[in-house]
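Novice: Sharing a structure here in structure tokens format.
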Amino acid sequence: MRPPKDREYPAQTEGDTLPSQGQEGAMFFPDFSLEQIEVTDGPIKLRRGGSGPPLLLLHGNPQTHAMWHAVAPVLARRFTVICPDLRGYGQSLKPPATSDHAPYAKKVMAKDMVEVMAHFGHTRFRVGSHDRGARVAHRLAIDHPDRVERLAVLDIVPTIEHFERADMKFAMGYYHWFWFAQPHPFPETLINGAPEAWFRAHTSRGASSEDFFQPDALADYLQSARNPDMIRGMCEDYRAAATIDLEHDRESRAAGAKIQCPLLVLWGSKGAIGRWYDPLSIWRQYCAAEVSGGSVNSGHYLAEEAPSEVLAHFEAFFA
């Protein structure tokens, strides 16, 4: 994905509301509210729409809730859909860097999501998730099994499996895992020197084609990329993954803690996950319930590159 360098997109800011029908951007999350709520540690920005059983959608890196723009409105015909920005990303809270990276542990990020759903009265819910959001969702299902009814994860295997199986292909293909995890503020300084160039290079690695990002979604991503606080939060997310998250994952594995709900596993047929791993076989080691799924005709950004296929899987699974 290489957005034209000379094109500027309007970005929503704190307090923005959705445009009405007939205005530019009106088809971006139609009939969804754009809200900010408070959890224990600070604000969470989200979109909410639809009616029916609650469904939480968690985004990946370096994105925001906007990645669900082609999927959420269709799901909202059958579900109450809530799409938050994760802590560290978008317009949600961004704690400072710490030596232990604990504010970005997936346990803490998962707790944010429990509070988000409880804010709207949802004690049990379904979860769809991609990339970094899927790592939060995995921890959410482990730590709060009474909350998660069904879980879908897109284009990942468990974090601990990535690290323990790491080889030359992984190191070269996912080099950013090790770069972002370098001590603060080294990676942040380099990214902040040219955030849009970094974004274009970073997101073109795993995409199956160019220019597939919808303009309003792209505007949200670029607005975040220009924010040094978001870049710090993103790096802290990866630092946590390489440290405190691994400690928690090893503890859970040693205790035999597994996902207790049905699990849907999807990955992009043009991406790395299916080439490097047997995703279903790996996930069956981490789930005590039924595991199903398969590949989608896309690169890494399944919900934006192949939304119809993702919707077909989600509607069948979550129904």
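Residues in the structure tokens are named by chain (A, B, ... in the order shown) and by number from 1 within that chain; ligands are numbered from 1 in the order shown.
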For stretch 24-64 of chain A against stretch 134-142 of chain A, with a cut-off of 10 Å and counting only C-alpha atoms, what is the closest atom pair and its distance in Å to one decimal for every residue that makes the cut, ordered by chain and number, as a Markdown table?

Specialist:
| residue | atom | partner | partner_atom | distance |
| --- | --- | --- | --- | --- |
| A:Leu56 | CA | A:Ala137 | CA | 9.5 |
| A:Leu57 | CA | A:Ala137 | CA | 9.3 |
| A:Leu58 | CA | A:Ala134 | CA | 6.9 |
| A:His59 | CA | A:Ala134 | CA | 7.7 |
| A:Gly60 | CA | A:Ala134 | CA | 7.5 |

Novice: Keeping only all heavy atoms, write the selected residues to a file as a PDB file, in the first residue's frame.

Specialist:
ATOM      1  N   LEU A  56     -17.405  -7.511  20.088  1.00  0.00           N
ATOM      2  CA  LEU A  56     -16.255  -6.627  20.241  1.00  0.00           C
ATOM      3  C   LEU A  56     -15.269  -6.911  19.123  1.00  0.00           C
ATOM      4  O   LEU A  56     -14.875  -8.064  18.906  1.00  0.00           O
ATOM      5  CB  LEU A  56     -15.603  -6.874  21.605  1.00  0.00           C
ATOM      6  CG  LEU A  56     -14.308  -6.135  21.933  1.00  0.00           C
ATOM      7  CD1 LEU A  56     -14.556  -4.638  22.069  1.00  0.00           C
ATOM      8  CD2 LEU A  56     -13.686  -6.704  23.217  1.00  0.00           C
ATOM      9  N   LEU A  57     -14.839  -5.865  18.400  1.00  0.00           N
ATOM     10  CA  LEU A  57     -13.870  -6.009  17.313  1.00  0.00           C
ATOM     11  C   LEU A  57     -12.591  -5.255  17.671  1.00  0.00           C
ATOM     12  O   LEU A  57     -12.630  -4.051  17.918  1.00  0.00           O
ATOM     13  CB  LEU A  57     -14.451  -5.475  16.001  1.00  0.00           C
ATOM     14  CG  LEU A  57     -15.693  -6.181  15.457  1.00  0.00           C
ATOM     15  CD1 LEU A  57     -16.156  -5.523  14.165  1.00  0.00           C
ATOM     16  CD2 LEU A  57     -15.430  -7.675  15.228  1.00  0.00           C
ATOM     17  N   LEU A  58     -11.461  -5.971  17.682  1.00  0.00           N
ATOM     18  CA  LEU A  58     -10.178  -5.396  18.093  1.00  0.00           C
ATOM     19  C   LEU A  58      -9.216  -5.335  16.911  1.00  0.00           C
ATOM     20  O   LEU A  58      -9.003  -6.329  16.213  1.00  0.00           O
ATOM     21  CB  LEU A  58      -9.572  -6.234  19.222  1.00  0.00           C
ATOM     22  CG  LEU A  58     -10.441  -6.377  20.476  1.00  0.00           C
ATOM     23  CD1 LEU A  58      -9.720  -7.205  21.535  1.00  0.00           C
ATOM     24  CD2 LEU A  58     -10.819  -5.012  21.037  1.00  0.00           C
ATOM     25  N   HIS A  59      -8.618  -4.170  16.725  1.00  0.00           N
ATOM     26  CA  HIS A  59      -7.804  -3.888  15.543  1.00  0.00           C
ATOM     27  C   HIS A  59      -6.349  -4.312  15.711  1.00  0.00           C
ATOM     28  O   HIS A  59      -5.880  -4.659  16.799  1.00  0.00           O
ATOM     29  CB  HIS A  59      -7.840  -2.385  15.248  1.00  0.00           C
ATOM     30  CG  HIS A  59      -7.174  -1.541  16.293  1.00  0.00           C
ATOM     31  ND1 HIS A  59      -5.814  -1.318  16.320  1.00  0.00           N
ATOM     32  CD2 HIS A  59      -7.673  -0.866  17.364  1.00  0.00           C
ATOM     33  CE1 HIS A  59      -5.510  -0.543  17.344  1.00  0.00           C
ATOM     34  NE2 HIS A  59      -6.613  -0.257  18.008  1.00  0.00           N
ATOM     35  N   GLY A  60      -5.622  -4.238  14.589  1.00  0.00           N
ATOM     36  CA  GLY A  60      -4.204  -4.573  14.580  1.00  0.00           C
ATOM     37  C   GLY A  60      -3.314  -3.360  14.448  1.00  0.00           C
ATOM     38  O   GLY A  60      -3.736  -2.216  14.578  1.00  0.00           O
TER      39      GLY A  60
END

Novice: Contacts between stretch 211-222 of chain A and stretch 72-100 of chain A, please, where a residue of stretch 72-100 of chain A counts if it comes within 12 Å (with only C-alpha atoms); show its shortest atom pair and distance in Å to one decimal, rows by chain and ascending number, as a tab-separated table.

Specialist:
residue	atom	partner	partner_atom	distance
A:Asp85	CA	A:Asp220	CA	10.9
A:Tyr89	CA	A:Tyr221	CA	9.4
A:Gly90	CA	A:Tyr221	CA	7.5
A:Gln91	CA	A:Asp220	CA	9.4

Novice: Quick one: pick out all alpha helix (DSSP H) residues within stretch 66-307 of chain A from a backbone DSSP run and write them as a ChimeraX atom specification.

Specialist: /A:72-75,106-119,131-143,159-164,168-173,175-180,186-193,195-204,215-225,228-241,244-254,273-276,279-284,302-305,307

Novice: May I have the residues from that selection written out with C-alpha atoms, as a short mmCIF file (atom, residue, chain, number, x, y, z; two decimals), in the first residue's frame?

Specialist:
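Listed below is the output, selection_35.cif:
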data_model
loop_
_atom_site.label_atom_id
_atom_site.label_comp_id
_atom_site.auth_asym_id
_atom_site.auth_seq_id
_atom_site.Cartn_x
_atom_site.Cartn_y
_atom_site.Cartn_z
CA ALA A 72 -18.70 -3.64 11.18
CA PRO A 73 -21.70 -1.99 9.43
CA VAL A 74 -22.81 -5.34 7.96
CA LEU A 75 -22.36 -7.13 11.28
CA LYS A 106 -1.87 -7.85 27.23
CA LYS A 107 -3.41 -8.66 30.61
CA VAL A 108 -3.92 -4.93 31.16
CA MET A 109 -5.11 -4.27 27.62
CA ALA A 110 -7.59 -7.13 27.98
CA LYS A 111 -8.87 -5.64 31.23
CA ASP A 112 -9.54 -2.38 29.35
CA MET A 113 -11.81 -4.29 27.01
CA VAL A 114 -13.70 -5.97 29.86
CA GLU A 115 -14.35 -2.48 31.25
CA VAL A 116 -15.42 -1.15 27.85
CA MET A 117 -17.99 -3.88 27.43
CA ALA A 118 -19.18 -3.60 31.04
CA HIS A 119 -19.69 0.14 30.48
CA ASP A 131 -3.00 -8.90 14.64
CA ARG A 132 -2.15 -7.05 17.89
CA GLY A 133 -5.82 -6.98 18.82
CA ALA A 134 -5.90 -10.74 18.47
CA ARG A 135 -3.08 -11.00 21.03
CA VAL A 136 -5.17 -8.92 23.40
CA ALA A 137 -8.18 -11.11 22.61
CA HIS A 138 -6.20 -14.29 23.32
CA ARG A 139 -5.30 -12.97 26.77
CA LEU A 140 -8.88 -11.78 27.27
CA ALA A 141 -10.16 -15.31 26.66
CA ILE A 142 -7.57 -16.81 29.01
CA ASP A 143 -8.02 -14.35 31.88
CA THR A 159 2.89 -14.75 20.65
CA ILE A 160 4.91 -17.34 22.55
CA GLU A 161 4.84 -19.63 19.50
CA HIS A 162 6.22 -16.87 17.27
CA PHE A 163 9.16 -16.30 19.59
CA GLU A 164 9.90 -19.94 20.40
CA MET A 168 15.70 -16.57 9.84
CA LYS A 169 12.42 -16.27 7.92
CA PHE A 170 10.61 -14.89 10.93
CA ALA A 171 13.46 -12.53 11.85
CA MET A 172 13.54 -11.05 8.35
CA GLY A 173 9.80 -11.04 7.73
CA TYR A 175 11.93 -7.71 11.84
CA HIS A 176 9.75 -4.95 13.31
CA TRP A 177 9.02 -7.17 16.34
CA PHE A 178 12.67 -6.80 17.33
CA TRP A 179 13.11 -3.21 16.19
CA PHE A 180 10.06 -1.83 18.02
CA PHE A 186 15.54 4.63 19.87
CA PRO A 187 12.87 3.23 17.50
CA GLU A 188 10.49 6.08 18.30
CA THR A 189 13.10 8.67 17.32
CA LEU A 190 13.65 7.10 13.92
CA ILE A 191 9.95 6.60 13.15
CA ASN A 192 9.03 10.12 14.25
CA GLY A 193 11.57 11.50 11.80
CA PRO A 195 6.17 8.84 10.14
CA GLU A 196 4.31 8.70 6.81
CA ALA A 197 7.24 7.15 4.97
CA TRP A 198 7.51 4.61 7.79
CA PHE A 199 3.78 3.87 7.60
CA ARG A 200 3.89 3.30 3.84
CA ALA A 201 6.89 0.98 4.09
CA HIS A 202 5.52 -0.89 7.10
CA THR A 203 2.06 -1.54 5.68
CA SER A 204 3.25 -2.46 2.18
CA PRO A 215 -9.45 7.05 2.44
CA ASP A 216 -11.19 7.74 5.77
CA ALA A 217 -9.46 4.77 7.40
CA LEU A 218 -6.13 5.83 5.95
CA ALA A 219 -6.63 9.34 7.32
CA ASP A 220 -7.16 7.88 10.80
CA TYR A 221 -4.04 5.71 10.51
CA LEU A 222 -1.88 8.60 9.30
CA GLN A 223 -3.18 10.93 12.00
CA SER A 224 -2.08 8.34 14.56
CA ALA A 225 1.28 7.75 12.86
CA PRO A 228 4.71 10.61 18.84
CA ASP A 229 2.64 9.36 21.79
CA MET A 230 1.09 6.69 19.59
CA ILE A 231 4.48 5.64 18.24
CA ARG A 232 5.70 5.29 21.83
CA GLY A 233 2.61 3.29 22.78
CA MET A 234 3.05 1.01 19.78
CA CYS A 235 6.67 0.32 20.68
CA GLU A 236 5.74 -0.32 24.30
CA ASP A 237 3.15 -2.82 23.08
CA TYR A 238 5.93 -4.74 21.31
CA ARG A 239 8.33 -4.36 24.24
CA ALA A 240 5.69 -5.89 26.48
CA ALA A 241 5.22 -8.74 24.02
CA ILE A 244 6.15 -9.37 30.47
CA ASP A 245 3.69 -10.95 28.03
CA LEU A 246 6.01 -13.92 27.56
CA GLU A 247 6.17 -14.35 31.33
CA HIS A 248 2.39 -14.38 31.52
CA ASP A 249 2.10 -16.74 28.55
CA ARG A 250 4.55 -19.20 30.08
CA GLU A 251 2.70 -19.10 33.38
CA SER A 252 -0.62 -19.77 31.65
CA ARG A 253 0.81 -22.61 29.60
CA ALA A 254 2.41 -24.21 32.66
CA ILE A 273 1.27 -17.15 8.61
CA GLY A 274 0.13 -20.00 6.40
CA ARG A 275 3.61 -20.39 4.88
CA TRP A 276 5.46 -20.50 8.18
CA PRO A 279 -2.20 -22.33 12.29
CA LEU A 280 -5.08 -24.67 13.13
CA SER A 281 -2.78 -27.30 14.61
CA ILE A 282 -1.00 -24.71 16.76
CA TRP A 283 -4.18 -23.09 17.99
CA ARG A 284 -5.67 -26.46 18.96
CA LEU A 302 -7.85 -9.51 5.85
CA ALA A 303 -10.76 -7.29 6.88
CA GLU A 304 -9.75 -4.57 4.42
CA GLU A 305 -8.41 -6.66 1.55
CA PRO A 307 -14.03 -8.04 3.69
#

Novice: Could you check how far atom CA of A:Arg150 sits from atom CA of A:Pro262, in Å to one decimal?

Specialist: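 Atom CA of A:Pro262 lies at a distance of 5.3 Å from atom CA of A:Arg150.
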
Novice: Enter the distance from atom CA of A:Ile37 to atom CA of A:Ile156, in Å, rounded to one decimal.

Specialist: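 These two atoms are separated by 28.7 Å.
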